[in-house]
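Structure file upload.cif (mmCIF, C-alpha atoms (C1' of nucleotides)) follows.
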```
data_target
#
loop_
_atom_site.group_PDB
_atom_site.id
_atom_site.type_symbol
_atom_site.label_atom_id
_atom_site.label_comp_id
_atom_site.auth_asym_id
_atom_site.auth_seq_id
_atom_site.Cartn_x
_atom_site.Cartn_y
_atom_site.Cartn_z
ATOM 1 C CA MET U 23 108.264 108.012 104.513
ATOM 2 C CA GLU U 24 107.219 105.396 102.034
ATOM 3 C CA SER U 25 108.225 102.117 103.543
ATOM 4 C CA VAL U 26 107.236 100.290 106.670
ATOM 5 C CA PHE U 27 110.902 100.105 107.587
ATOM 6 C CA GLU U 28 111.212 103.822 107.896
ATOM 7 C CA ILE U 29 108.159 103.862 110.121
ATOM 8 C CA ILE U 30 109.558 101.427 112.634
ATOM 9 C CA ALA U 31 112.979 103.027 112.548
ATOM 10 C CA GLU U 32 111.790 105.624 115.060
ATOM 11 C CA PRO U 33 112.241 104.462 118.687
ATOM 12 C CA ASN U 34 109.212 106.333 120.029
ATOM 13 C CA ARG U 35 107.018 104.771 117.416
ATOM 14 C CA ARG U 36 108.263 101.330 118.339
ATOM 15 C CA ALA U 37 107.502 102.155 121.961
ATOM 16 C CA ILE U 38 103.958 103.103 121.040
ATOM 17 C CA LEU U 39 103.485 99.928 119.058
ATOM 18 C CA SER U 40 104.764 97.872 121.967
ATOM 19 C CA LEU U 41 102.308 99.577 124.270
ATOM 20 C CA LEU U 42 99.433 98.773 121.987
ATOM 21 C CA VAL U 43 100.261 95.091 122.005
ATOM 22 C CA SER U 44 98.616 94.638 125.377
ATOM 23 C CA SER U 45 95.454 96.492 124.472
ATOM 24 C CA GLN U 46 94.101 99.548 122.745
ATOM 25 C CA GLN U 47 94.955 102.842 124.388
ATOM 26 C CA SER U 48 93.912 106.452 124.212
ATOM 27 C CA VAL U 49 96.355 109.178 123.284
ATOM 28 C CA GLY U 50 96.412 110.405 126.860
ATOM 29 C CA GLU U 51 97.208 106.977 128.215
ATOM 30 C CA ILE U 52 100.090 106.609 125.804
ATOM 31 C CA GLU U 53 101.271 110.081 126.675
ATOM 32 C CA ARG U 54 101.380 109.257 130.360
ATOM 33 C CA GLN U 55 102.912 105.820 130.132
ATOM 34 C CA LEU U 56 105.655 106.863 127.758
ATOM 35 C CA ARG U 57 106.117 110.284 129.322
ATOM 36 C CA MET U 58 106.258 112.077 126.058
ATOM 37 C CA PRO U 59 104.527 115.333 125.099
ATOM 38 C CA GLN U 60 101.067 114.982 123.670
ATOM 39 C CA PRO U 61 101.824 116.571 120.263
ATOM 40 C CA THR U 62 104.673 114.140 119.854
ATOM 41 C CA VAL U 63 102.369 111.227 120.544
ATOM 42 C CA SER U 64 99.731 112.535 118.165
ATOM 43 C CA LYS U 65 102.223 113.094 115.401
ATOM 44 C CA HIS U 66 103.699 109.648 115.700
ATOM 45 C CA LEU U 67 100.238 108.166 115.789
ATOM 46 C CA ARG U 68 99.426 109.985 112.614
ATOM 47 C CA VAL U 69 102.424 108.486 110.896
ATOM 48 C CA LEU U 70 101.566 105.046 112.212
ATOM 49 C CA ARG U 71 97.966 105.424 111.125
ATOM 50 C CA GLU U 72 98.808 106.537 107.619
ATOM 51 C CA ALA U 73 101.205 103.625 107.302
ATOM 52 C CA GLY U 74 98.498 101.219 108.409
ATOM 53 C CA PHE U 75 100.116 100.150 111.663
ATOM 54 C CA VAL U 76 97.227 101.403 113.776
ATOM 55 C CA GLU U 77 93.666 102.482 113.472
ATOM 56 C CA SER U 78 91.519 104.527 115.804
ATOM 57 C CA THR U 79 87.973 104.674 117.001
ATOM 58 C CA VAL U 80 86.220 107.564 118.659
ATOM 59 C CA ASP U 81 85.223 107.302 122.290
ATOM 60 C CA ALA U 82 83.658 110.616 123.196
ATOM 61 C CA GLN U 83 86.522 113.086 123.134
ATOM 62 C CA ARG U 84 89.109 110.361 123.110
ATOM 63 C CA ARG U 85 90.614 108.372 120.343
ATOM 64 C CA LEU U 86 91.363 104.765 121.018
ATOM 65 C CA TYR U 87 94.220 103.398 119.009
ATOM 66 C CA ARG U 88 94.916 99.769 118.299
ATOM 67 C CA LEU U 89 97.220 97.745 116.107
ATOM 68 C CA LYS U 90 96.594 96.506 112.608
ATOM 69 C CA PRO U 91 98.484 93.456 111.374
ATOM 70 C CA GLU U 92 99.249 94.125 107.719
ATOM 71 C CA PRO U 93 102.441 96.172 107.957
ATOM 72 C CA PHE U 94 103.914 93.703 110.399
ATOM 73 C CA GLN U 95 103.247 90.982 107.901
ATOM 74 C CA GLU U 96 105.093 93.001 105.341
ATOM 75 C CA VAL U 97 108.175 93.149 107.541
ATOM 76 C CA ASP U 98 107.844 89.476 108.201
ATOM 77 C CA ALA U 99 107.687 88.747 104.496
ATOM 78 C CA TRP U 100 110.874 90.695 103.937
ATOM 79 C CA LEU U 101 112.599 88.791 106.688
ATOM 80 C CA ASP U 102 111.661 85.527 105.072
ATOM 81 C CA ARG U 103 114.342 85.907 102.452
ATOM 82 C CA PHE U 104 116.973 85.920 105.119
ATOM 83 C CA ARG U 105 115.700 83.199 107.397
ATOM 84 C CA ARG U 106 117.898 80.553 105.846
ATOM 85 C CA PHE U 107 120.945 82.401 107.093
ATOM 86 C CA TRP U 108 120.190 81.726 110.666
ATOM 87 C CA SER U 109 118.669 78.322 110.150
ATOM 88 C CA ASP U 110 122.106 76.998 110.967
ATOM 89 C CA HIS U 111 121.721 78.199 114.491
ATOM 90 C CA VAL U 112 119.868 75.449 116.207
ATOM 91 C CA ASP U 113 117.981 77.398 118.816
ATOM 92 C CA ALA U 114 116.633 79.792 116.247
ATOM 93 C CA LEU U 115 115.760 76.971 113.927
ATOM 94 C CA GLU U 116 113.695 75.462 116.650
ATOM 95 C CA ARG U 117 111.780 78.674 117.248
ATOM 96 C CA HIS U 118 111.231 79.027 113.574
ATOM 97 C CA LEU U 119 109.956 75.509 113.120
ATOM 98 C CA ASP U 120 107.438 76.125 115.853
ATOM 99 C CA ARG U 121 105.923 78.726 113.658
ATOM 100 C CA MET U 122 106.032 76.838 110.391
ATOM 101 C CA VAL U 123 105.111 73.307 111.292
ATOM 102 C CA GLN U 124 101.858 73.329 109.425
ATOM 103 C CA SER U 125 103.216 73.904 105.939
ATOM 104 C CA ALA U 126 106.804 72.783 106.143
ATOM 105 C CA PRO U 127 107.536 69.537 104.268
ATOM 106 C CA ALA U 128 111.126 68.728 105.046
ATOM 107 C CA LYS U 129 113.453 71.607 105.593
ATOM 108 C CA LYS U 130 116.421 71.444 103.313
ATOM 109 C CA LYS U 131 119.678 71.172 105.061
ATOM 110 C CA THR U 132 121.906 74.083 104.119
ATOM 111 C CA LYS U 133 125.353 73.257 103.013
ATOM 112 C CA LYS U 134 128.154 74.701 104.991
ATOM 113 C CA ARG U 135 129.488 77.793 103.362
ATOM 114 C CA PRO U 136 133.114 77.754 102.272
ATOM 115 C CA ARG U 137 134.834 79.747 104.932
ATOM 116 C CA GLY U 138 136.803 82.584 103.435
ATOM 117 C CA PRO U 139 140.487 83.103 104.146
ATOM 118 C CA ASN U 140 141.010 85.772 106.752
ATOM 119 C CA ARG U 141 138.438 88.226 107.888
ATOM 120 C CA GLU U 142 138.885 91.711 106.500
ATOM 121 C CA ARG U 143 140.315 94.308 108.809
ATOM 122 C CA HIS U 144 139.268 97.908 108.437
ATOM 123 C CA LYS U 145 140.561 101.209 109.610
ATOM 124 C CA GLY U 146 139.198 101.694 113.043
ATOM 125 C CA GLU U 147 139.396 98.036 113.870
ATOM 126 C CA LYS U 148 141.970 96.774 116.321
ATOM 127 C CA ARG U 149 144.125 93.915 115.404
ATOM 128 C CA MET L 6 122.395 104.944 113.892
ATOM 129 C CA GLU L 7 122.022 102.771 116.930
ATOM 130 C CA SER L 8 119.355 100.272 116.073
ATOM 131 C CA VAL L 9 119.019 97.584 113.444
ATOM 132 C CA PHE L 10 115.770 99.202 112.377
ATOM 133 C CA GLU L 11 117.482 102.373 111.306
ATOM 134 C CA ILE L 12 119.951 100.325 109.318
ATOM 135 C CA ILE L 13 117.334 98.553 107.260
ATOM 136 C CA ALA L 14 115.290 101.723 106.829
ATOM 137 C CA GLU L 15 117.522 102.717 103.931
ATOM 138 C CA PRO L 16 116.330 101.294 100.581
ATOM 139 C CA ASN L 17 119.795 100.957 99.063
ATOM 140 C CA ARG L 18 120.976 99.031 102.065
ATOM 141 C CA ARG L 19 118.040 96.677 101.781
ATOM 142 C CA ALA L 20 118.895 96.232 98.120
ATOM 143 C CA ILE L 21 122.448 95.304 99.027
ATOM 144 C CA LEU L 22 121.266 92.841 101.634
ATOM 145 C CA SER L 23 118.937 91.246 99.113
ATOM 146 C CA LEU L 24 121.765 90.888 96.672
ATOM 147 C CA LEU L 25 123.893 89.142 99.223
ATOM 148 C CA VAL L 26 121.238 86.551 99.886
ATOM 149 C CA SER L 27 122.178 84.620 96.777
ATOM 150 C CA SER L 28 125.887 84.627 97.455
ATOM 151 C CA GLN L 29 128.753 86.757 98.613
ATOM 152 C CA GLN L 30 129.697 89.595 96.321
ATOM 153 C CA SER L 31 132.516 92.023 95.815
ATOM 154 C CA VAL L 32 131.967 95.761 96.037
ATOM 155 C CA GLY L 33 132.339 96.087 92.310
ATOM 156 C CA GLU L 34 129.746 93.435 91.613
ATOM 157 C CA ILE L 35 127.280 95.163 93.904
ATOM 158 C CA GLU L 36 128.086 98.467 92.272
ATOM 159 C CA ARG L 37 127.335 97.108 88.819
ATOM 160 C CA GLN L 38 124.228 95.164 89.658
ATOM 161 C CA LEU L 39 122.607 97.964 91.610
ATOM 162 C CA ARG L 40 123.947 100.707 89.364
ATOM 163 C CA MET L 41 124.999 102.918 92.182
ATOM 164 C CA PRO L 42 128.233 104.847 92.553
ATOM 165 C CA GLN L 43 131.058 102.985 94.211
ATOM 166 C CA PRO L 44 131.476 105.371 97.168
ATOM 167 C CA THR L 45 127.812 104.985 97.929
ATOM 168 C CA VAL L 46 128.145 101.229 97.981
ATOM 169 C CA SER L 47 131.218 101.367 100.173
ATOM 170 C CA LYS L 48 129.578 103.719 102.627
ATOM 171 C CA HIS L 49 126.478 101.602 102.955
ATOM 172 C CA LEU L 50 128.600 98.505 103.350
ATOM 173 C CA ARG L 51 130.466 100.205 106.137
ATOM 174 C CA VAL L 52 127.222 100.921 107.951
ATOM 175 C CA LEU L 53 126.031 97.380 107.401
ATOM 176 C CA ARG L 54 129.324 95.984 108.585
ATOM 177 C CA GLU L 55 129.414 98.050 111.753
ATOM 178 C CA ALA L 56 125.869 97.001 112.509
ATOM 179 C CA GLY L 57 126.799 93.359 112.069
ATOM 180 C CA PHE L 58 124.673 92.691 108.998
ATOM 181 C CA VAL L 59 127.625 91.756 106.846
ATOM 182 C CA GLU L 60 131.249 90.771 107.124
ATOM 183 C CA SER L 61 133.990 90.825 104.553
ATOM 184 C CA THR L 62 136.988 88.798 103.541
ATOM 185 C CA VAL L 63 139.925 89.851 101.445
ATOM 186 C CA ASP L 64 140.398 88.393 97.987
ATOM 187 C CA ALA L 65 143.433 90.097 96.473
ATOM 188 C CA GLN L 66 142.354 93.683 95.929
ATOM 189 C CA ARG L 67 138.736 92.821 96.410
ATOM 190 C CA ARG L 68 136.556 92.583 99.418
ATOM 191 C CA LEU L 69 133.931 89.896 99.420
ATOM 192 C CA TYR L 70 130.933 90.725 101.521
ATOM 193 C CA ARG L 71 128.441 88.260 102.906
ATOM 194 C CA LEU L 72 125.557 88.283 105.335
ATOM 195 C CA LYS L 73 125.648 87.619 109.036
ATOM 196 C CA PRO L 74 122.509 86.363 110.747
ATOM 197 C CA GLU L 75 122.430 88.059 114.137
ATOM 198 C CA PRO L 76 120.811 91.405 113.303
ATOM 199 C CA PHE L 77 118.098 89.673 111.331
ATOM 200 C CA GLN L 78 117.360 87.571 114.342
ATOM 201 C CA GLU L 79 117.012 90.732 116.345
ATOM 202 C CA VAL L 80 114.374 92.049 113.994
ATOM 203 C CA ASP L 81 112.663 88.703 114.098
ATOM 204 C CA ALA L 82 112.630 88.764 117.876
ATOM 205 C CA TRP L 83 110.982 92.166 117.859
ATOM 206 C CA LEU L 84 108.368 90.955 115.418
ATOM 207 C CA ASP L 85 107.550 88.092 117.723
ATOM 208 C CA ARG L 86 105.629 90.353 120.037
ATOM 209 C CA PHE L 87 103.252 91.183 117.270
ATOM 210 C CA ARG L 88 102.823 87.795 115.678
ATOM 211 C CA ARG L 89 99.660 87.042 117.584
ATOM 212 C CA PHE L 90 97.983 89.753 115.572
ATOM 213 C CA TRP L 91 98.115 87.803 112.380
ATOM 214 C CA SER L 92 97.673 84.225 113.445
ATOM 215 C CA ASP L 93 98.629 81.598 110.875
ATOM 216 C CA HIS L 94 95.286 79.938 110.559
ATOM 217 C CA VAL L 95 92.691 82.460 111.515
ATOM 218 C CA ASP L 96 91.857 85.544 109.580
ATOM 219 C CA ALA L 97 93.614 88.401 111.258
ATOM 220 C CA LEU L 98 90.645 90.712 111.459
ATOM 221 C CA GLU L 99 88.388 88.070 112.874
ATOM 222 C CA ARG L 100 90.954 87.198 115.444
ATOM 223 C CA HIS L 101 91.257 90.784 116.322
ATOM 224 C CA LEU L 102 87.533 91.145 116.822
ATOM 225 C CA ASP L 103 87.663 88.113 119.054
ATOM 226 C CA ARG L 104 90.119 89.888 121.209
ATOM 227 C CA MET L 105 87.827 92.836 121.571
ATOM 228 C CA VAL L 106 84.874 90.824 122.787
ATOM 229 C CA GLN L 107 86.720 88.388 124.950
ATOM 230 C CA SER L 108 85.749 90.203 128.131
ATOM 231 C CA ALA L 109 82.075 90.356 127.188
ATOM 232 C CA PRO L 110 79.687 87.490 128.028
ATOM 233 C CA ALA L 111 79.846 84.730 125.446
ATOM 234 C CA LYS L 112 76.988 85.596 123.195
ATOM 235 C CA LYS L 113 76.229 84.733 119.652
ATOM 236 C CA LYS L 114 78.819 85.692 117.157
ATOM 237 C CA THR L 115 77.933 88.980 115.550
ATOM 238 C CA LYS L 116 79.394 90.615 112.523
ATOM 239 C CA LYS L 117 78.978 94.030 114.019
ATOM 240 C CA ARG L 118 81.620 95.457 116.225
ATOM 241 C CA PRO L 119 80.573 94.968 119.835
ATOM 242 C CA ARG L 120 79.922 98.476 121.018
ATOM 243 C CA GLY L 121 82.452 100.000 118.814
ATOM 244 C CA PRO L 122 81.587 103.432 117.526
ATOM 245 C CA ASN L 123 82.460 104.354 113.988
ATOM 246 C CA ARG L 124 85.944 104.459 112.725
ATOM 247 C CA GLU L 125 87.715 107.722 113.353
ATOM 248 C CA ARG L 126 87.865 110.095 110.468
ATOM 249 C CA HIS L 127 90.758 112.481 110.202
ATOM 250 C CA LYS L 128 91.423 115.627 108.337
ATOM 251 C CA GLY L 129 92.676 114.561 104.951
ATOM 252 C CA GLU L 130 90.459 111.519 104.839
ATOM 253 C CA LYS L 131 87.542 111.387 102.460
ATOM 254 C CA ARG L 132 84.157 110.532 103.718
ATOM 255 C "C1'" DC X 23 158.917 101.633 89.688
ATOM 256 C "C1'" DC X 24 154.764 103.041 87.514
ATOM 257 C "C1'" DT X 25 150.175 102.140 86.104
ATOM 258 C "C1'" DT X 26 145.905 100.060 86.644
ATOM 259 C "C1'" DT X 27 142.327 98.189 89.358
ATOM 260 C "C1'" DA X 28 139.581 97.897 93.629
ATOM 261 C "C1'" DT X 29 137.945 99.861 97.646
ATOM 262 C "C1'" DA X 30 137.789 103.205 101.390
ATOM 263 C "C1'" DT X 31 137.463 107.766 103.198
ATOM 264 C "C1'" DA X 32 137.077 113.053 103.477
ATOM 265 C "C1'" DC X 33 134.599 117.063 102.598
ATOM 266 C "C1'" DC X 34 130.612 119.604 101.287
ATOM 267 C "C1'" DT X 35 125.755 120.336 100.397
ATOM 268 C "C1'" DT X 36 121.069 119.235 100.703
ATOM 269 C "C1'" DT X 37 117.103 117.469 102.746
ATOM 270 C "C1'" DA X 38 113.979 115.064 105.681
ATOM 271 C "C1'" DC X 39 112.321 114.532 109.943
ATOM 272 C "C1'" DA X 40 111.875 114.826 114.982
ATOM 273 C "C1'" DC X 41 111.056 118.099 118.577
ATOM 274 C "C1'" DG X 42 109.055 122.134 121.098
ATOM 275 C "C1'" DT X 43 105.762 125.702 121.451
ATOM 276 C "C1'" DA X 44 101.619 127.604 120.275
ATOM 277 C "C1'" DT X 45 97.143 127.190 118.560
ATOM 278 C "C1'" DA X 46 93.095 125.018 116.368
ATOM 279 C "C1'" DT X 47 89.429 121.623 116.420
ATOM 280 C "C1'" DG X 48 86.005 119.044 118.558
ATOM 281 C "C1'" DC X 49 83.304 116.812 122.141
ATOM 282 C "C1'" DT X 50 80.777 117.000 126.776
ATOM 283 C "C1'" DC X 51 78.429 118.878 130.371
ATOM 284 C "C1'" DT X 52 76.340 122.573 132.937
ATOM 285 C "C1'" DA B 24 76.549 129.585 125.020
ATOM 286 C "C1'" DG B 25 80.689 128.939 127.641
ATOM 287 C "C1'" DA B 26 84.115 126.222 130.203
ATOM 288 C "C1'" DG B 27 87.110 122.401 130.245
ATOM 289 C "C1'" DC B 28 89.224 118.475 128.526
ATOM 290 C "C1'" DA B 29 91.298 115.551 124.766
ATOM 291 C "C1'" DT B 30 93.458 115.450 120.507
ATOM 292 C "C1'" DA B 31 95.180 117.314 116.184
ATOM 293 C "C1'" DT B 32 97.770 120.523 113.493
ATOM 294 C "C1'" DA B 33 100.914 124.613 112.169
ATOM 295 C "C1'" DC B 34 105.212 126.646 112.364
ATOM 296 C "C1'" DG B 35 109.981 127.373 113.316
ATOM 297 C "C1'" DT B 36 114.490 125.151 114.457
ATOM 298 C "C1'" DG B 37 118.181 121.875 114.871
ATOM 299 C "C1'" DT B 38 120.433 117.846 113.388
ATOM 300 C "C1'" DA B 39 121.753 113.642 111.358
ATOM 301 C "C1'" DA B 40 122.302 111.226 107.477
ATOM 302 C "C1'" DA B 41 122.456 110.451 102.365
ATOM 303 C "C1'" DG B 42 124.484 111.826 98.007
ATOM 304 C "C1'" DG B 43 128.233 113.749 94.972
ATOM 305 C "C1'" DT B 44 132.960 114.718 93.968
ATOM 306 C "C1'" DA B 45 137.564 114.255 94.902
ATOM 307 C "C1'" DT B 46 141.205 111.876 96.888
ATOM 308 C "C1'" DA B 47 143.686 108.292 99.702
ATOM 309 C "C1'" DT B 48 145.183 103.523 100.317
ATOM 310 C "C1'" DA B 49 146.580 99.190 98.713
ATOM 311 C "C1'" DA B 50 147.393 95.265 95.904
ATOM 312 C "C1'" DA B 51 148.622 93.311 91.114
ATOM 313 C "C1'" DG B 52 151.074 93.247 87.000
ATOM 314 C "C1'" DG B 53 153.885 94.875 83.404
#
```
Now, as a test, write the supplied structure out as structure tokens.
Amino acid sequence: MESVFEIIAEPNRRAILSLLVSSQQSVGEIERQLRMPQPTVSKHLRVLREAGFVESTVDAQRRLYRLKPEPFQEVDAWLDRFRRFWSDHVDALERHLDRMVQSAPAKKKTKKRPRGPNRERHKGEKR
Amino acid sequence: MESVFEIIAEPNRRAILSLLVSSQQSVGEIERQLRMPQPTVSKHLRVLREAGFVESTVDAQRRLYRLKPEPFQEVDAWLDRFRRFWSDHVDALERHLDRMVQSAPAKKKTKKRPRGPNRERHKGEKR
DNA sequence: CCTTTATATACCTTTACACGTATATGCTCT
DNA sequence: AGAGCATATACGTGTAAAGGTATATAAAGG
């Protein structure tokens, strides 16, 4: 379980992360809201903690978990390489520009890719 | 293998995607550049294709694979929920602390955590 | 045709990980 | 100290997916 991508591949972990967006939560609160067994929650939280996605503080017998930003940044950095591929799509470009206005000089216009002959057809695919 | 996150969890698949950023490539070219067996490449490409990350065109006996933007957008959309945790201009930690005190009366800024107890320490962790 | 080249698929084996159940640890309060 | 709650961990089991090897499909060229 080295990479951040493997961490967020698990649906329950993504659910936990989404929960923690609103505010920090105790294990029991997560357990109840997501209706999953407590050991499951704890184990996923352990994975998330060791990967740096969350951290916890003690509140009496409870542990309060909240998000940490770094691993998300890592995913975002990876995505950066691919952003130019959907810059063509106007709506997405707009959303993206909203985020990058402060440092963006003039975005280079991407040339239209030479459209290949016919799309490949594979085995299971219907004609 | 439902979600886009499971697709990009695999390191070899991420390597293939990175290769395809520069330009479209044939299976053989990917095979050589990444030094992985041809069946492995083909199998990963199949997964990527079925998940919509790539598409292929026929060039004689070759298949040329290139990226498609949609699944990347999906990842980006998921990330959006978490973007507020690492604001562009403000240090992420500071911003996070701000969030924690926002319900408290506006007092002087303090470097200490509001009423936050000490960080949780877990089993394997050194003191 | 037959051979070579390029890619896809089938089959088998191994492994990693998610889950459930049971139990341990640790804190609080009486 | 003992009870009760909250969380963490240990252990056993099932399963899906990745890798390797072999083979199938298909197009190109002699």
Nearby residues (all atoms listed in the file) at most 8 Å from U:Pro91, same-chain spacing under 4 positions excluded, as an mmCIF file with C-alpha atoms, in the frame of the given file:
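The file below, selection.cif, is the result:
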```cif
data_model
loop_
_atom_site.group_PDB
_atom_site.id
_atom_site.type_symbol
_atom_site.label_atom_id
_atom_site.label_comp_id
_atom_site.auth_asym_id
_atom_site.auth_seq_id
_atom_site.Cartn_x
_atom_site.Cartn_y
_atom_site.Cartn_z
ATOM 1 C CA PHE U 75 100.116 100.150 111.663
ATOM 2 C CA GLN U 95 103.247 90.982 107.901
ATOM 3 C CA PHE L 87 103.252 91.183 117.270
ATOM 4 C CA PHE L 90 97.983 89.753 115.572
ATOM 5 C CA TRP L 91 98.115 87.803 112.380
ATOM 6 C CA ALA L 97 93.614 88.401 111.258
#
```
Within 9 Å of chain U, which residues belong to chain X? Use only C-alpha atoms (C1' of nucleotides) and report them as a list in words. DA30, DA40, DC41, DG48, DC49 and DT50 of chain X
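Near L:Pro76, within a cut-off of 9 Å and counting only C-alpha atoms (C1' of nucleotides), sit the residues Val9, Ala56, Gly57, Phe58, Lys73, Pro74, Gln78, Glu79, Val80 and Asp81 of chain L, with same-chain residues fewer than 2 positions away left out.
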Could those selected residues go to a file with C-alpha atoms, as a PDB file, in the frame of the given file?
```pdb
ATOM      1  CA  VAL L   9     119.019  97.584 113.444  1.00  0.00           C
ATOM      2  CA  ALA L  56     125.869  97.001 112.509  1.00  0.00           C
ATOM      3  CA  GLY L  57     126.799  93.359 112.069  1.00  0.00           C
ATOM      4  CA  PHE L  58     124.673  92.691 108.998  1.00  0.00           C
ATOM      5  CA  LYS L  73     125.648  87.619 109.036  1.00  0.00           C
ATOM      6  CA  PRO L  74     122.509  86.363 110.747  1.00  0.00           C
ATOM      7  CA  GLN L  78     117.360  87.571 114.342  1.00  0.00           C
ATOM      8  CA  GLU L  79     117.012  90.732 116.345  1.00  0.00           C
ATOM      9  CA  VAL L  80     114.374  92.049 113.994  1.00  0.00           C
ATOM     10  CA  ASP L  81     112.663  88.703 114.098  1.00  0.00           C
TER      11      ASP L  81
END
```
What residues come out when you apply the PyMOL selection byres ((chain B) within 9 of (chain U)) to this file, written as a ChimeraX atom specification? /B:28-32
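Proximity to B:DT44 was assessed for X:DC51, X:DA32, X:DC39, X:DC24 counting all atoms listed in the file; the smallest distance is recorded for X:DA32.
Atom CA of L:Leu69 lies 6.1 Å from atom CA of L:Gln29.
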